[in-house]
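Engineer: My questions all concern the structure below.
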Amino acid sequence: MGAVNCRQGQHAQGPTCHKGGNIRGPLIRGWRCLWSGIGTTRSGLEELWVLQRHQCLHQESLKPSPSPEEKPLPEWPVPQFNLFLPEFPFRPHRGQQQLKILGLVAKGSFGTVLKVLDCGQKTLFAVKVVPKIKVLQKDILRQCKEEVSIQRQISHPFVHSLGDSWQGKQHLFIMCSYCSTDLYSLWSAVGCFAEASIRLFAAELVLVLCYLHDLGIIHRDVKMENILLDERGHLKLTDFGLSRHLPRGTRAYTICGTLQYMAPEVLSGGPYNHAADWWSLGVLLFSLATGKFPVAAERDHVAMLARVTRCDTVIPDSLNQGLSLLLHELLSQNPFHRLRYLHHFQLHPFFRGVAFDPELLQKQPVNFAMETQATQLSPLEPMLFKDFDCDFESCLGYPSPA
């Protein structure tokens, strides 16, 4: 899922998403978005909210005025009633089995990702768990709905496919196939990649980005941490929390992504389009080839924009001429000068002899990726789930069909 604070550098855990450089509005915007998004009438949730608000005002009028030493509450209280999102069914399809938690994959500010075993299929999955209360507090209702909508729409060999999604009383669940490691972990372990490996990974990413853009989808957070490796060492693009439908010819203005991968036009607040994803790909390939990022991370998007625009990216002379040309064309400050269409890459000198066909690419061995030890998952600790409303095993397990 998306987040609302800027990521700083490649180690950050949450994406950034704000508009025009300003933090999103107070919690009440989340309620308004909720009502407009799911069609609730005033006779339902709004009446409950108004009633609770009037009760609170009446109670406040009976209380003495606070002393100057008293501090306001850090957050608005949230009414305790269930949030229902039509995009997340309450029950999965019949016949699905109980899930068993095997370990913790990641824990961020918006949710937790777990490694689970489907006891019926004997298959591993990753399940993202998002508390509904945070969906409202962080005003990310639209992002949650968009993420699931996009993942249900796409089907590609190099995309991390959506397995299922459902909701409990207080949590949303998004389940995908499980991959043991990601490109960033591999890069951290081996450093610079061989040119042949860069060419293969680049071709796979070109195919998937062209596929998404043809569907009118912009990813907006292409980075190594969001590229998983399957059991054969091939790529799976994941995390569509910041993605959105953006038909060709239209523009976006939201500043979002990961600072070191964000294109200049995104850092400046737009307008921008799908070309921003190609800049991110250029940053990624530069890092794979050189072992470092083209521009060091800054504390915020303003400082990052200043650094990106005032210094040209220096391509090492040691790189192959075709790869050097590719990086120059992807990391162009002017988005109109960047490579963007499949035929641009098919005719490019760096990809000479490459068949841009998913089946053929998947037949090429990635031995070094398979041989690299995957990062060990941290053990599951019950204390990490103390904020859940019930025993987590039963919370995660599918409800039995009625």
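Just remember, in the structure tokens the first chain shown is A, the second B, etc., residues are 1-based per chain, and ligands are 1-based in the order shown.
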Please identify all polymer residues within 10 Å of Ser268 in chain A, counting only C-alpha atoms, omitting same-chain residues fewer than 2 positions from it, and present them as a VMD selection string.
Structural biologist: chain A and resid 20 to 21 253 to 255 262 to 266 270 to 272 301 to 302 304 to 306
Engineer: Using CA of Asp182 in chain A and CA of Ile154 in chain A as the two end points, give the distance in Å to one decimal.
Structural biologist: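 These atoms are spaced 20.6 Å apart.
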Engineer: Which residues are near Glu231 in chain A? Cut-off 8 Å, only C-alpha atoms, ignore same chain within fewer than 5 positions. Put them as a ChimeraX atom specification.
Structural biologist: /A:179-180,370
Engineer: DSSP on the backbone: what in range 181-309 of chain A comes out alpha helix (DSSP H), as a PyMOL selection string?
Structural biologist: chain A and resi 183-190+195-214+264-267+275-290+301-309
Engineer: I'd like to know which of A:Gln333, A:Gly111, A:Lys236, A:Ile198 is closest to Lys138 in chain A, using only C-alpha atoms.
Structural biologist: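 Closest to Lys138 in chain A, using only C-alpha atoms: A:Gly111.
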